[in-house]
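Enquirer: model_24.cif is the file, holding mmCIF, C-alpha atoms:
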```
data_my_file
loop_
_atom_site.label_atom_id
_atom_site.label_comp_id
_atom_site.auth_asym_id
_atom_site.auth_seq_id
_atom_site.Cartn_x
_atom_site.Cartn_y
_atom_site.Cartn_z
CA MET O 237 196.51 59.81 90.98
CA SER O 238 193.66 58.05 92.66
CA PHE O 239 190.27 59.54 93.27
CA ASP O 240 190.79 59.52 97.04
CA ARG O 241 194.05 61.42 96.73
CA ARG O 242 192.50 64.03 94.39
CA PHE O 243 189.54 64.35 96.74
CA ALA O 244 191.86 64.89 99.73
CA LEU O 245 193.89 67.50 97.81
CA GLY O 246 190.65 69.16 96.76
CA LEU O 247 189.68 69.49 100.40
CA LEU O 248 193.13 70.60 101.54
CA ALA O 249 193.50 73.39 98.98
CA PRO O 250 190.59 75.51 100.31
CA LEU O 251 191.66 74.73 103.88
CA ALA O 252 195.20 75.91 103.13
CA ALA O 253 193.86 79.08 101.48
CA VAL O 254 191.70 79.85 104.51
CA SER O 255 194.63 79.17 106.84
CA LEU O 256 196.94 81.45 104.87
CA SER O 257 194.35 84.22 104.71
CA GLY O 258 194.28 84.20 108.50
CA CYS O 259 198.06 84.64 108.61
CA GLY O 260 198.18 88.20 107.32
CA ILE O 261 198.60 87.44 103.64
CA ASN O 262 196.07 90.16 102.80
CA SER O 263 195.67 92.13 106.02
CA VAL O 264 199.33 93.06 106.48
CA PRO O 265 199.88 94.67 103.05
CA THR O 266 196.41 96.27 103.23
CA ALA O 267 197.21 97.90 106.57
CA GLU O 268 200.68 98.93 105.39
CA GLU O 269 199.36 100.52 102.18
CA ASN O 270 196.70 102.37 104.18
CA ALA O 271 199.38 103.82 106.47
CA LYS O 272 201.53 104.81 103.48
CA ALA O 273 198.55 106.52 101.83
CA LYS O 274 197.87 108.46 105.01
CA TRP O 275 201.54 109.50 105.12
CA GLY O 276 201.11 110.80 101.57
CA ASN O 277 198.27 112.99 102.83
CA VAL O 278 200.49 114.37 105.62
CA GLN O 279 203.17 115.24 103.07
CA ALA O 280 200.66 116.81 100.69
CA ASP O 281 199.30 119.05 103.44
CA TYR O 282 202.78 120.13 104.50
CA GLN O 283 203.60 120.84 100.85
CA ARG O 284 200.46 122.97 100.56
CA ARG O 285 201.64 125.01 103.54
CA ALA O 286 205.12 125.34 102.03
CA ASP O 287 203.57 126.56 98.77
CA LEU O 288 201.56 129.26 100.57
CA ILE O 289 204.50 130.64 102.56
CA PRO O 290 206.30 132.53 99.72
CA ASN O 291 203.12 134.48 98.99
CA LEU O 292 202.68 135.29 102.66
CA VAL O 293 206.31 136.39 103.00
CA GLU O 294 206.03 138.68 99.96
CA THR O 295 202.80 140.20 101.25
CA VAL O 296 204.29 140.89 104.67
CA LYS O 297 207.55 142.12 103.11
CA GLY O 298 205.72 145.01 101.46
CA TYR O 299 204.49 146.28 104.81
CA ALA O 300 207.15 145.19 107.26
CA LYS O 301 210.51 145.97 105.74
CA GLN O 302 212.19 146.15 109.14
CA GLU O 303 211.11 142.58 109.95
CA LYS O 304 213.83 141.21 107.67
CA ASP O 305 215.19 138.75 110.28
CA THR O 306 211.77 137.18 110.79
CA LEU O 307 211.17 136.93 107.03
CA THR O 308 214.60 135.37 106.52
CA ALA O 309 213.99 132.84 109.31
CA VAL O 310 210.70 131.75 107.71
CA THR O 311 212.30 131.42 104.28
CA GLU O 312 215.19 129.37 105.68
CA ALA O 313 212.90 127.15 107.77
CA ARG O 314 210.72 126.52 104.70
CA ALA O 315 213.78 125.57 102.63
CA LYS O 316 214.99 123.16 105.31
CA ALA O 317 211.54 121.61 105.79
CA SER O 318 211.13 121.20 102.04
CA SER O 319 214.55 119.56 101.69
CA ILE O 320 213.80 116.76 104.17
CA GLN O 321 211.71 114.12 102.47
CA VAL O 322 210.49 110.89 104.02
CA SER O 323 209.22 108.32 101.58
CA ALA O 324 206.75 105.60 102.52
CA ALA O 325 209.70 103.17 102.58
CA ASP O 326 211.35 105.29 105.32
CA LEU O 327 208.41 105.15 107.74
CA SER O 328 210.03 102.44 109.86
CA ASP O 329 213.21 104.55 110.33
CA PRO O 330 212.78 106.61 113.54
CA ALA O 331 215.68 108.97 112.70
CA LYS O 332 214.29 109.99 109.30
CA VAL O 333 210.76 110.50 110.64
CA ALA O 334 212.12 112.53 113.59
CA ALA O 335 214.19 114.76 111.26
CA PHE O 336 211.08 115.44 109.16
CA GLN O 337 209.03 116.23 112.26
CA GLN O 338 211.70 118.59 113.66
CA ALA O 339 211.99 120.51 110.40
CA GLN O 340 208.22 120.91 110.17
CA GLY O 341 208.07 122.00 113.83
CA ALA O 342 210.74 124.64 113.24
CA LEU O 343 208.80 125.93 110.25
CA SER O 344 205.61 126.11 112.34
CA GLN O 345 207.41 128.17 114.98
CA SER O 346 208.95 130.64 112.53
CA LEU O 347 205.65 130.95 110.69
CA GLY O 348 203.93 131.73 113.99
CA ARG O 349 206.47 134.50 114.65
CA LEU O 350 205.88 135.92 111.17
CA LEU O 351 202.14 136.01 111.63
CA ALA O 352 202.54 137.60 115.05
CA THR O 353 204.51 140.51 113.53
CA ALA O 354 201.38 141.56 111.67
CA GLU O 355 200.06 142.96 114.96
CA ALA O 356 202.39 145.95 114.55
CA TYR O 357 201.12 146.79 111.05
CA PRO O 358 197.46 147.88 110.93
CA ASP O 359 197.54 148.33 107.15
CA LEU O 360 198.78 144.77 106.72
CA LYS O 361 196.02 143.37 108.95
CA SER O 362 193.41 144.86 106.63
CA ASN O 363 195.11 143.82 103.37
CA GLN O 364 192.87 141.41 101.43
CA ASN O 365 195.79 139.30 100.20
CA PHE O 366 197.09 138.90 103.74
CA LEU O 367 193.63 138.02 105.07
CA ALA O 368 193.14 135.43 102.32
CA LEU O 369 196.56 133.90 102.97
CA GLN O 370 195.94 133.85 106.71
CA SER O 371 192.66 132.01 106.14
CA GLN O 372 194.32 129.50 103.80
CA LEU O 373 197.12 128.87 106.30
CA GLU O 374 194.63 128.31 109.12
CA GLY O 375 192.75 125.83 106.93
CA THR O 376 196.02 124.14 106.00
CA GLU O 377 197.06 123.80 109.64
CA ASN O 378 193.71 122.13 110.34
CA ARG O 379 194.25 119.77 107.40
CA ILE O 380 197.74 118.93 108.67
CA ASN O 381 196.37 118.07 112.11
CA ILE O 382 193.67 115.84 110.62
CA SER O 383 196.15 114.14 108.29
CA ILE O 384 198.55 113.47 111.16
CA LYS O 385 195.72 112.02 113.25
CA ASP O 386 194.61 109.79 110.36
CA TYR O 387 198.20 108.68 109.73
CA ASN O 388 198.80 107.85 113.39
CA GLU O 389 195.58 105.79 113.49
CA ALA O 390 196.67 103.90 110.36
CA VAL O 391 200.12 103.27 111.89
CA GLN O 392 198.51 102.00 115.08
CA SER O 393 196.31 99.63 113.06
CA TYR O 394 199.27 98.37 111.00
CA ASN O 395 201.54 97.94 114.02
CA THR O 396 198.78 96.06 115.85
CA THR O 397 198.17 93.85 112.81
CA ILE O 398 201.82 92.81 112.46
CA ARG O 399 202.10 92.05 116.18
CA THR O 400 198.94 90.03 116.79
CA PHE O 401 198.18 86.40 116.04
CA PRO O 402 197.60 85.07 113.41
CA ASP O 403 198.65 88.02 111.22
CA ALA O 404 202.04 88.19 112.95
CA ILE O 405 202.95 84.89 111.29
CA GLY O 406 202.50 86.22 107.77
CA ALA O 407 204.00 89.57 108.71
CA LYS O 408 207.25 87.94 109.80
CA ILE O 409 207.48 85.02 107.36
CA PHE O 410 206.21 86.58 104.14
CA TYR O 411 206.88 90.29 104.53
CA GLY O 412 209.55 90.79 107.19
CA SER O 413 207.37 93.62 108.47
CA LYS O 414 208.74 96.25 110.81
CA PRO O 415 206.66 98.64 112.89
CA LEU O 416 206.08 102.08 111.37
CA GLU O 417 206.84 105.30 113.23
CA SER O 418 203.96 107.48 114.33
CA PHE O 419 204.14 111.25 113.98
CA LYS O 420 205.07 112.94 117.26
CA ALA O 421 205.43 116.58 118.19
CA THR O 422 209.13 117.30 118.62
CA ALA O 423 209.35 121.06 119.14
CA PRO O 424 207.69 122.91 122.00
CA ASN O 425 204.07 123.60 121.04
CA ALA O 426 204.61 121.89 117.66
CA ASP O 427 201.42 119.97 118.24
CA ARG O 428 199.44 123.20 117.84
CA ALA O 429 198.94 125.45 114.86
CA PRO O 430 200.83 128.74 115.09
CA GLU O 431 198.84 131.28 117.09
CA VAL O 432 197.71 134.20 114.97
CA LYS O 433 196.77 137.44 116.75
CA PHE O 434 195.43 140.49 114.98
#
```
What does this structure look like when you write it as structure tokens?
Expert:
Amino acid sequence: MSFDRRFALGLLAPLAAVSLSGCGINSVPTAEENAKAKWGNVQADYQRRADLIPNLVETVKGYAKQEKDTLTAVTEARAKASSIQVSAADLSDPAKVAAFQQAQGALSQSLGRLLATAEAYPDLKSNQNFLALQSQLEGTENRINISIKDYNEAVQSYNTTIRTFPDAIGAKIFYGSKPLESFKATAPNADRAPEVKF
């Protein structure tokens, strides 16, 4: 190989690397992994809420025996919400994301009804365990809202990356990227934490 040819290849290699880096080789997987990590945070916060619910149900059960239907509804909604899992690989499937969102919305509604029943039980409202659980659930609902917001921002960034030039080239050619689904409220008032009145 002649010197001129080696020199030309030496110049073309960095130029090709720079060209490829502008085609989403790094930005597409970085944006996708960021969105998947944010989805993991959403799931972790929902799991934290699901873990708190049995303790809340047992605490209320001791005071509100006649509220059996409400307690049963919360337990069933928690079981359904816990059974629907959406992995990071499923984030581009609108049906799976919607099913997850609906189950979580139903749990939020039944949990709100459970917390509202405490109004009829003055002893329950002053119980330290109940107050601690109420505080933890309020904090968890705030965490869920923040995690959803962070996830939706990461999805927006990823979807923008795979649709804009020059990253769209790498997204289609190298990764076959598909847009991810953002988290949307599906049940009435599901975009708000359950209202707690004492």
Enquirer: Selection in question (the file shown): the PyMOL selection byres ((chain O and resi 315-319) around 8). Which residues does it include, as a VMD selection string?
Expert: chain O and resid 283 286 311 to 314 320 to 321 336 339 to 340 343
Enquirer: Between O:Gln370, O:Thr400, O:Ser418, O:Asn262, which residue has the minimum interatomic distance to O:Ala354, considering all atoms listed in the file?
Expert: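 Smallest distance to O:Ala354 is found for O:Gln370.
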Enquirer: List, as a list in words, every residue that the PyMOL selection byres ((chain O and resi 293-308) around 9) selects in the file provided.
Expert: Leu288, Ile289, Pro290, Asn291, Leu292, Ala309, Val310, Thr311, Glu312, Ala313, Ser346, Leu347, Arg349, Leu350, Leu351, Thr353, Ala354, Ala356, Tyr357, Asp359, Leu360, Asn363, Asn365 and Phe366 of chain O
Enquirer: Residues as selected, C-alpha atoms, written as a PDB file, keeping the file's coordinate frame, can you do that?
Expert:
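Final output, saved to result.pdb:
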```pdb
ATOM      1  CA  LEU O 288     201.560 129.260 100.570  1.00  0.00           C
ATOM      2  CA  ILE O 289     204.500 130.640 102.560  1.00  0.00           C
ATOM      3  CA  PRO O 290     206.300 132.530  99.720  1.00  0.00           C
ATOM      4  CA  ASN O 291     203.120 134.480  98.990  1.00  0.00           C
ATOM      5  CA  LEU O 292     202.680 135.290 102.660  1.00  0.00           C
ATOM      6  CA  ALA O 309     213.990 132.840 109.310  1.00  0.00           C
ATOM      7  CA  VAL O 310     210.700 131.750 107.710  1.00  0.00           C
ATOM      8  CA  THR O 311     212.300 131.420 104.280  1.00  0.00           C
ATOM      9  CA  GLU O 312     215.190 129.370 105.680  1.00  0.00           C
ATOM     10  CA  ALA O 313     212.900 127.150 107.770  1.00  0.00           C
ATOM     11  CA  SER O 346     208.950 130.640 112.530  1.00  0.00           C
ATOM     12  CA  LEU O 347     205.650 130.950 110.690  1.00  0.00           C
ATOM     13  CA  ARG O 349     206.470 134.500 114.650  1.00  0.00           C
ATOM     14  CA  LEU O 350     205.880 135.920 111.170  1.00  0.00           C
ATOM     15  CA  LEU O 351     202.140 136.010 111.630  1.00  0.00           C
ATOM     16  CA  THR O 353     204.510 140.510 113.530  1.00  0.00           C
ATOM     17  CA  ALA O 354     201.380 141.560 111.670  1.00  0.00           C
ATOM     18  CA  ALA O 356     202.390 145.950 114.550  1.00  0.00           C
ATOM     19  CA  TYR O 357     201.120 146.790 111.050  1.00  0.00           C
ATOM     20  CA  ASP O 359     197.540 148.330 107.150  1.00  0.00           C
ATOM     21  CA  LEU O 360     198.780 144.770 106.720  1.00  0.00           C
ATOM     22  CA  ASN O 363     195.110 143.820 103.370  1.00  0.00           C
ATOM     23  CA  ASN O 365     195.790 139.300 100.200  1.00  0.00           C
ATOM     24  CA  PHE O 366     197.090 138.900 103.740  1.00  0.00           C
TER      25      PHE O 366
END
```
Enquirer: Run the PyMOL selection byres ((chain O and resi 406-408) around 10) against the file shown and list the residues it catches, as a PDB file with C-alpha atoms, keeping the file's coordinate frame.
Expert:
```pdb
ATOM      1  CA  LEU O 256     196.940  81.450 104.870  1.00  0.00           C
ATOM      2  CA  SER O 257     194.350  84.220 104.710  1.00  0.00           C
ATOM      3  CA  GLY O 258     194.280  84.200 108.500  1.00  0.00           C
ATOM      4  CA  CYS O 259     198.060  84.640 108.610  1.00  0.00           C
ATOM      5  CA  GLY O 260     198.180  88.200 107.320  1.00  0.00           C
ATOM      6  CA  ILE O 261     198.600  87.440 103.640  1.00  0.00           C
ATOM      7  CA  ASN O 262     196.070  90.160 102.800  1.00  0.00           C
ATOM      8  CA  SER O 263     195.670  92.130 106.020  1.00  0.00           C
ATOM      9  CA  VAL O 264     199.330  93.060 106.480  1.00  0.00           C
ATOM     10  CA  PRO O 265     199.880  94.670 103.050  1.00  0.00           C
ATOM     11  CA  THR O 397     198.170  93.850 112.810  1.00  0.00           C
ATOM     12  CA  ILE O 398     201.820  92.810 112.460  1.00  0.00           C
ATOM     13  CA  ARG O 399     202.100  92.050 116.180  1.00  0.00           C
ATOM     14  CA  THR O 400     198.940  90.030 116.790  1.00  0.00           C
ATOM     15  CA  PHE O 401     198.180  86.400 116.040  1.00  0.00           C
ATOM     16  CA  PRO O 402     197.600  85.070 113.410  1.00  0.00           C
ATOM     17  CA  ASP O 403     198.650  88.020 111.220  1.00  0.00           C
ATOM     18  CA  ALA O 404     202.040  88.190 112.950  1.00  0.00           C
ATOM     19  CA  ILE O 405     202.950  84.890 111.290  1.00  0.00           C
ATOM     20  CA  ILE O 409     207.480  85.020 107.360  1.00  0.00           C
ATOM     21  CA  PHE O 410     206.210  86.580 104.140  1.00  0.00           C
ATOM     22  CA  TYR O 411     206.880  90.290 104.530  1.00  0.00           C
ATOM     23  CA  GLY O 412     209.550  90.790 107.190  1.00  0.00           C
ATOM     24  CA  SER O 413     207.370  93.620 108.470  1.00  0.00           C
ATOM     25  CA  LYS O 414     208.740  96.250 110.810  1.00  0.00           C
TER      26      LYS O 414
END
```
Enquirer: What separation in Å, quoted to one decimal, exists between atom CA of O:Ile384 and atom CA of O:Leu367?
Expert: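 Rounded to one decimal, the two atoms are 25.8 Å apart.
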Enquirer: Name the closest residue to O:Arg379 among the candidates O:Gln279, O:Thr266, O:Ser393, O:Ser328; distances are taken between atoms, counting only C-alpha atoms.
Expert: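 Of all the options, O:Gln279 lies closest to O:Arg379.
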Enquirer: Around the point (208.1, 106.1, 101.6) (coordinates from the file), which residues reach within 10 Å if we count all atoms listed in the file? Answer as a ChimeraX atom specification.
Expert: /O:272-273,275-276,321-328
